[in-house]
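One file, run36.txt, is given below (compact mmCIF, C-alpha atoms).
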```
# COMPACT_ATOMS: atom_id res chain seq x y z
CA GLU A 22 -0.02 7.84 -19.22
CA ALA A 23 1.79 5.63 -16.72
CA GLN A 24 -0.80 3.64 -14.85
CA VAL A 25 -1.97 0.44 -13.23
CA THR A 26 -5.39 -0.73 -14.35
CA GLN A 27 -7.71 -3.20 -12.69
CA ASN A 28 -10.86 -4.85 -13.96
CA PRO A 29 -13.56 -5.06 -12.95
CA ARG A 30 -13.85 -2.09 -10.61
CA TYR A 31 -16.92 -3.52 -8.92
CA LEU A 32 -18.04 -7.13 -8.71
CA ILE A 33 -20.85 -8.88 -6.87
CA THR A 34 -20.75 -12.65 -7.03
CA VAL A 35 -21.97 -15.73 -5.21
CA THR A 36 -20.10 -18.19 -3.04
CA GLY A 37 -18.13 -20.74 -5.00
CA LYS A 38 -18.24 -19.08 -8.42
CA LYS A 39 -14.70 -18.75 -9.73
CA LEU A 40 -13.59 -15.25 -10.65
CA THR A 41 -10.52 -13.42 -11.90
CA VAL A 42 -9.55 -9.82 -11.25
CA THR A 43 -7.13 -8.55 -13.86
CA CYS A 44 -4.24 -6.16 -13.26
CA SER A 45 -2.07 -4.58 -15.91
CA GLN A 46 0.71 -1.97 -15.79
CA ASN A 47 2.35 -0.06 -18.63
CA MET A 48 5.52 1.05 -16.83
CA ASN A 49 7.65 -2.06 -17.48
CA HIS A 50 7.83 -2.70 -13.74
CA GLU A 51 9.33 -5.96 -12.56
CA TYR A 52 7.45 -6.02 -9.28
CA MET A 53 3.71 -6.47 -8.89
CA SER A 54 1.60 -7.16 -5.85
CA TRP A 55 -1.97 -7.71 -4.64
CA TYR A 56 -3.47 -6.33 -1.43
CA ARG A 57 -6.80 -6.46 0.27
CA GLN A 58 -8.10 -3.59 2.37
CA ASP A 59 -10.57 -4.19 5.19
CA PRO A 60 -11.89 -1.68 7.75
CA GLY A 61 -9.68 -1.51 10.80
CA LEU A 62 -7.07 -3.82 9.27
CA GLY A 63 -5.37 -1.57 6.75
CA LEU A 64 -3.88 -3.18 3.65
CA ARG A 65 -2.63 -6.73 3.79
CA GLN A 66 -0.43 -8.26 1.13
CA ILE A 67 -1.87 -11.33 -0.59
CA TYR A 68 0.76 -12.28 -3.20
CA TYR A 69 3.60 -10.56 -4.94
CA SER A 70 5.81 -11.18 -7.95
CA MET A 71 9.39 -10.09 -8.54
CA ASN A 72 9.32 -11.00 -12.23
CA VAL A 73 7.73 -13.25 -14.83
CA GLU A 74 7.05 -16.74 -13.44
CA VAL A 75 8.26 -15.66 -9.97
CA THR A 76 5.56 -15.31 -7.32
CA ASP A 77 5.53 -15.48 -3.54
CA LYS A 78 3.02 -15.43 -0.72
CA GLY A 79 2.25 -12.37 1.30
CA ASP A 80 0.55 -12.39 4.68
CA VAL A 81 -2.92 -13.55 3.61
CA PRO A 82 -2.61 -15.87 0.58
CA GLU A 83 -5.25 -18.44 1.58
CA GLY A 84 -8.06 -18.75 -0.94
CA TYR A 85 -6.21 -16.87 -3.69
CA LYS A 86 -4.06 -17.78 -6.68
CA VAL A 87 -1.93 -15.65 -8.96
CA SER A 88 0.08 -16.09 -12.11
CA ARG A 89 2.68 -13.97 -13.87
CA LYS A 90 3.03 -15.15 -17.44
CA GLU A 91 3.71 -11.69 -18.85
CA LYS A 92 5.57 -8.81 -17.27
CA ARG A 93 2.68 -6.38 -17.57
CA ASN A 94 -0.11 -8.61 -16.20
CA PHE A 95 -0.73 -10.10 -12.76
CA PRO A 96 -4.24 -11.54 -12.40
CA LEU A 97 -5.74 -12.50 -9.05
CA ILE A 98 -7.83 -15.68 -9.09
CA LEU A 99 -10.43 -16.72 -6.54
CA GLU A 100 -11.20 -20.35 -7.33
CA SER A 101 -14.05 -20.67 -4.83
CA PRO A 102 -14.90 -17.28 -3.34
CA SER A 103 -16.36 -17.10 0.14
CA PRO A 104 -18.07 -14.21 1.97
CA ASN A 105 -14.93 -13.53 4.04
CA GLN A 106 -13.21 -12.51 0.81
CA THR A 107 -15.54 -9.56 0.46
CA SER A 108 -13.09 -6.70 0.42
CA LEU A 109 -11.45 -3.88 -1.52
CA TYR A 110 -8.58 -5.20 -3.60
CA PHE A 111 -5.59 -3.25 -4.88
CA CYS A 112 -2.94 -4.15 -7.38
CA ALA A 113 0.39 -2.33 -7.28
CA SER A 114 3.66 -2.29 -9.19
CA SER A 115 7.16 -0.87 -8.84
CA LEU A 116 10.66 -1.03 -10.18
CA ILE A 117 13.30 -3.32 -8.69
CA GLY A 118 16.93 -2.42 -8.17
CA ALA A 119 16.73 1.05 -9.65
CA PRO A 120 16.11 4.58 -8.40
CA GLY A 121 12.49 4.73 -7.46
CA SER A 122 12.33 1.08 -6.54
CA TYR A 123 10.02 0.27 -3.62
CA GLU A 124 7.74 3.15 -4.62
CA GLN A 125 4.56 1.35 -5.47
CA TYR A 126 2.04 2.62 -8.00
CA PHE A 127 -1.45 1.46 -7.12
CA GLY A 128 -4.41 0.61 -9.30
CA PRO A 129 -7.83 2.19 -8.63
CA GLY A 130 -9.10 -0.76 -6.59
CA THR A 131 -11.72 -3.48 -7.11
CA ARG A 132 -14.66 -3.67 -4.75
CA LEU A 133 -15.63 -7.35 -4.43
CA THR A 134 -18.76 -8.58 -2.67
CA VAL A 135 -19.33 -12.30 -2.20
CA THR A 136 -22.84 -13.30 -1.11
CA ALA B 24 7.81 -10.65 12.37
CA GLN B 25 7.63 -7.03 11.41
CA THR B 26 4.68 -4.96 12.56
CA VAL B 27 3.46 -1.43 11.93
CA THR B 28 1.27 0.36 14.45
CA GLN B 29 -0.79 3.50 13.97
CA SER B 30 -2.35 4.26 17.33
CA GLN B 31 -4.53 7.17 16.22
CA PRO B 32 -7.60 5.91 14.34
CA GLU B 33 -8.79 9.45 13.71
CA MET B 34 -7.43 12.98 14.02
CA SER B 35 -8.69 16.47 13.27
CA VAL B 36 -6.84 19.62 12.37
CA GLN B 37 -7.91 23.16 11.66
CA GLU B 38 -7.21 24.45 8.18
CA ALA B 39 -3.76 26.11 7.96
CA GLU B 40 -2.62 24.45 11.18
CA THR B 41 -0.03 21.69 11.64
CA VAL B 42 -0.78 18.08 12.52
CA THR B 43 1.41 15.08 13.27
CA LEU B 44 0.38 11.49 12.58
CA SER B 45 2.15 8.78 14.54
CA CYS B 46 3.58 5.48 13.36
CA THR B 47 5.73 2.97 15.17
CA TYR B 48 7.15 -0.24 13.78
CA ASP B 49 8.96 -3.28 14.99
CA THR B 50 11.75 -4.99 13.09
CA SER B 51 15.08 -6.67 13.70
CA GLU B 52 16.36 -5.59 10.28
CA SER B 53 18.77 -2.72 9.80
CA ASP B 54 18.04 -1.90 6.16
CA TYR B 55 14.47 -1.06 5.28
CA TYR B 56 12.12 1.50 3.81
CA LEU B 57 9.25 3.41 5.38
CA PHE B 58 6.38 5.10 3.58
CA TRP B 59 3.35 7.24 4.13
CA TYR B 60 0.46 6.77 1.73
CA LYS B 61 -2.63 8.94 1.41
CA GLN B 62 -6.02 7.51 0.48
CA PRO B 63 -8.63 10.20 -0.29
CA PRO B 64 -12.34 9.38 -0.68
CA SER B 65 -11.62 8.34 -4.28
CA ARG B 66 -9.82 5.31 -2.72
CA GLN B 67 -6.72 5.89 -4.84
CA MET B 68 -3.51 5.15 -2.93
CA ILE B 69 -1.01 8.00 -3.31
CA LEU B 70 2.57 7.92 -2.09
CA VAL B 71 3.20 10.95 0.12
CA ILE B 72 6.76 10.40 1.29
CA ARG B 73 9.40 7.69 1.70
CA GLN B 74 12.38 7.26 4.00
CA GLU B 75 15.35 4.95 3.64
CA ALA B 76 16.48 3.63 7.01
CA TYR B 77 20.15 4.18 6.24
CA LYS B 78 19.57 7.90 5.73
CA GLN B 79 19.69 9.93 8.92
CA GLN B 80 18.20 13.00 7.30
CA ASN B 81 14.43 13.23 7.56
CA ALA B 82 12.58 13.19 4.25
CA THR B 83 10.60 16.25 3.19
CA GLU B 84 8.12 16.81 0.37
CA ASN B 85 6.71 20.33 0.30
CA ARG B 86 4.31 20.61 3.28
CA PHE B 87 4.93 17.01 4.33
CA SER B 88 7.88 15.96 6.46
CA VAL B 89 8.75 13.02 8.64
CA ASN B 90 10.40 12.62 11.99
CA PHE B 91 12.34 9.37 11.67
CA GLN B 92 13.70 8.05 14.96
CA LYS B 93 15.44 4.79 14.09
CA ALA B 94 16.39 3.79 17.62
CA ALA B 95 12.87 4.38 18.85
CA LYS B 96 11.40 2.78 15.70
CA SER B 97 9.17 5.75 15.17
CA PHE B 98 8.16 7.37 11.87
CA SER B 99 5.72 10.24 12.28
CA LEU B 100 4.30 12.40 9.49
CA LYS B 101 3.95 16.14 9.93
CA ILE B 102 1.60 18.07 7.68
CA SER B 103 2.12 21.82 7.76
CA ASP B 104 -0.39 24.46 6.63
CA SER B 105 -3.13 21.84 6.41
CA GLN B 106 -5.51 22.15 3.49
CA LEU B 107 -9.00 20.78 2.93
CA GLY B 108 -7.56 18.49 0.27
CA ASP B 109 -5.39 16.81 2.90
CA ALA B 110 -8.47 15.14 4.39
CA ALA B 111 -7.93 11.43 3.80
CA MET B 112 -6.93 8.14 5.35
CA TYR B 113 -3.17 7.96 5.88
CA PHE B 114 -1.30 4.67 5.99
CA CYS B 115 2.19 4.05 7.27
CA ALA B 116 4.03 1.18 5.56
CA TYR B 117 7.27 -0.75 5.92
CA SER B 118 9.36 -2.91 3.61
CA THR B 119 12.59 -4.74 4.36
CA SER B 120 15.23 -4.03 1.75
CA GLY B 121 15.48 -6.86 -0.76
CA THR B 122 12.30 -8.69 0.21
CA TYR B 123 9.59 -6.48 -1.28
CA LYS B 124 7.15 -7.69 1.35
CA TYR B 125 5.13 -4.79 2.65
CA ILE B 126 3.47 -4.30 6.01
CA PHE B 127 0.86 -1.56 6.36
CA GLY B 128 -0.55 0.03 9.48
CA THR B 129 -4.28 0.20 10.12
CA GLY B 130 -4.52 3.82 9.07
CA THR B 131 -5.35 7.23 10.55
CA ARG B 132 -8.31 9.16 9.22
CA LEU B 133 -7.50 12.86 9.06
CA LYS B 134 -10.27 15.43 9.07
CA VAL B 135 -9.50 19.03 8.13
CA LEU B 136 -11.85 21.60 9.61
CA ALA B 137 -12.57 24.81 7.73
```

What do you get writing this file as structure tokens?
Amino acid sequence: EAQVTQNPRYLITVTGKKLTVTCSQNMNHEYMSWYRQDPGLGLRQIYYSMNVEVTDKGDVPEGYKVSRKEKRNFPLILESPSPNQTSLYFCASSLIGAPGSYEQYFGPGTRLTVT
Amino acid sequence: AQTVTQSQPEMSVQEAETVTLSCTYDTSESDYYLFWYKQPPSRQMILVIRQEAYKQQNATENRFSVNFQKAAKSFSLKISDSQLGDAAMYFCAYSTSGTYKYIFGTGTRLKVLA
């Protein structure tokens, strides 16, 4: 089954404790992206990647890191989480330069709470 | 900078009736993509419909259709014969061709009344 998976689905952590949210897709998509969703603000793009070793900032990259060492994986790293990073996080992927490109497939979301 | 505005935080529609969700955007680009995504209570993001800016014909997917007015920078979603399963948050989104940066609106929560 074609899908984007995220782990963990729920996470409660404390301020300053480094964490990683994993994202993996099995569709051989070149493009992957991270978003955060907050009430009243919609989804905002954090980082995106057009291919392996190619990443770029979205609109709200502060406090986050990403890496793209393999095509299928795109982990989101919070080196020192703060309460304002409490949010619902989505990973997404899509093709590039082919029919169906720009149509993002989303993961199920990760609910992160930082206390 | 590009922006996407959804001015209706919440809307209601009677089952089997038609409802239109509004979306306006601002861009100086000529080649771009527009999308409507549905987010039911499960939180899963589901693509409803997409529109390429260079296409004049409005996109249609079964009961879902758009009214794309490029000059007015308007991209509304019409849902016909509304069903209880249509109840969800709907997000309008924009992406400039070639950049793969996405801008989402703040969403419209649709309630379907039985």

Would you write out, as JSON lines, a table of all residues in chain B that have an atom no more than 8 Å from an atom of chain A, listing for each the closest atom pair and the distance in Å to one decimal, considering only C-alpha atoms and ordering rows by chain and rising residue number?
```
{"residue": "B:Tyr56", "atom": "CA", "partner": "A:Tyr123", "partner_atom": "CA", "distance": 7.8}
{"residue": "B:Arg66", "atom": "CA", "partner": "A:Pro129", "partner_atom": "CA", "distance": 7.0}
{"residue": "B:Gln67", "atom": "CA", "partner": "A:Pro129", "partner_atom": "CA", "distance": 5.4}
{"residue": "B:Met68", "atom": "CA", "partner": "A:Phe127", "partner_atom": "CA", "distance": 6.0}
{"residue": "B:Ile69", "atom": "CA", "partner": "A:Phe127", "partner_atom": "CA", "distance": 7.6}
{"residue": "B:Leu70", "atom": "CA", "partner": "A:Glu124", "partner_atom": "CA", "distance": 7.5}
{"residue": "B:Arg73", "atom": "CA", "partner": "A:Glu124", "partner_atom": "CA", "distance": 8.0}
{"residue": "B:Phe114", "atom": "CA", "partner": "A:Gly63", "partner_atom": "CA", "distance": 7.5}
{"residue": "B:Ser118", "atom": "CA", "partner": "A:Tyr123", "partner_atom": "CA", "distance": 7.9}
{"residue": "B:Tyr123", "atom": "CA", "partner": "A:Tyr123", "partner_atom": "CA", "distance": 7.2}
{"residue": "B:Lys124", "atom": "CA", "partner": "A:Gly79", "partner_atom": "CA", "distance": 6.8}
{"residue": "B:Tyr125", "atom": "CA", "partner": "A:Gln66", "partner_atom": "CA", "distance": 6.7}
{"residue": "B:Ile126", "atom": "CA", "partner": "A:Arg65", "partner_atom": "CA", "distance": 6.9}
{"residue": "B:Phe127", "atom": "CA", "partner": "A:Leu64", "partner_atom": "CA", "distance": 5.7}
{"residue": "B:Gly128", "atom": "CA", "partner": "A:Gly63", "partner_atom": "CA", "distance": 5.8}
{"residue": "B:Thr129", "atom": "CA", "partner": "A:Gly63", "partner_atom": "CA", "distance": 4.0}
{"residue": "B:Gly130", "atom": "CA", "partner": "A:Gly63", "partner_atom": "CA", "distance": 5.9}
```

Around the point (-11.1, 7.9, 11.0), in the coordinates given by the file, pick out the residues reaching within 12 Å, counting all atoms listed in the file, and return them as a ChimeraX atom specification. /A:60-61,63 /B:29-35,62-64,110-114,129-135

Identify, on the basis of only C-alpha atoms, every residue whose closest approach to Tyr85 of chain A does not exceed 10 Å; exclude the query and any residue fewer than 2 positions from it along the same chain; express the result as a PyMOL selection string. chain A and resi 41+67-68+78+81-83+87+97-102+106

Which residue of A:Met48, A:Leu116, A:Leu133, A:Val73 approaches Thr26 of chain A most closely, using all atoms listed in the file: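 Nearest to Thr26 of chain A: A:Met48.
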
Which residues are close to Phe98 of chain B, i.e. within 7 Å by all atoms listed in the file, leaving aside same-chain residues fewer than 6 positions away? Reply as a count of residues only. 7

In Å, rounded to a single decimal, give me how far atom CA of Gln24 of chain A is from atom CA of Tyr110 of chain A. 16.3 Å

Would you give the centre and edge lengths, in Å to one decimal, of a box along x, y and z around the listed atoms of segment 63-82 of chain B, with 5 Å added to each side, as AutoDock Vina command-line options?
```
--center_x 3.9 --center_y 8.4 --center_z 2.0 --size_x 42.5 --size_y 19.6 --size_z 23.8
```

Identify, on the basis of only C-alpha atoms, every residue whose closest approach to Glu52 of chain B does not exceed 9 Å; exclude the query and any residue fewer than 6 positions from it along the same chain; express the result as a list in words.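 Near Glu52 of chain B, the qualifying residues are Gln25, Thr119 and Ser120 of chain B.
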
Atoms kept (C-alpha atoms) for selection, written as an mmCIF file, in the frame of the given file:
```
data_model
loop_
_atom_site.group_PDB
_atom_site.id
_atom_site.type_symbol
_atom_site.label_atom_id
_atom_site.label_comp_id
_atom_site.auth_asym_id
_atom_site.auth_seq_id
_atom_site.Cartn_x
_atom_site.Cartn_y
_atom_site.Cartn_z
ATOM 1 C CA GLN B 25 7.630 -7.030 11.410
ATOM 2 C CA THR B 119 12.590 -4.740 4.360
ATOM 3 C CA SER B 120 15.230 -4.030 1.750
#
```

d(atom CA of Phe58 of chain B, atom CA of Ala24 of chain B) in Å: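 Computed distance, atom CA of Phe58 of chain B to atom CA of Ala24 of chain B, equals 18.1 Å.
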
The distance between atom CA of Cys115 of chain B and atom CA of Ser103 of chain A is 29.0 Å
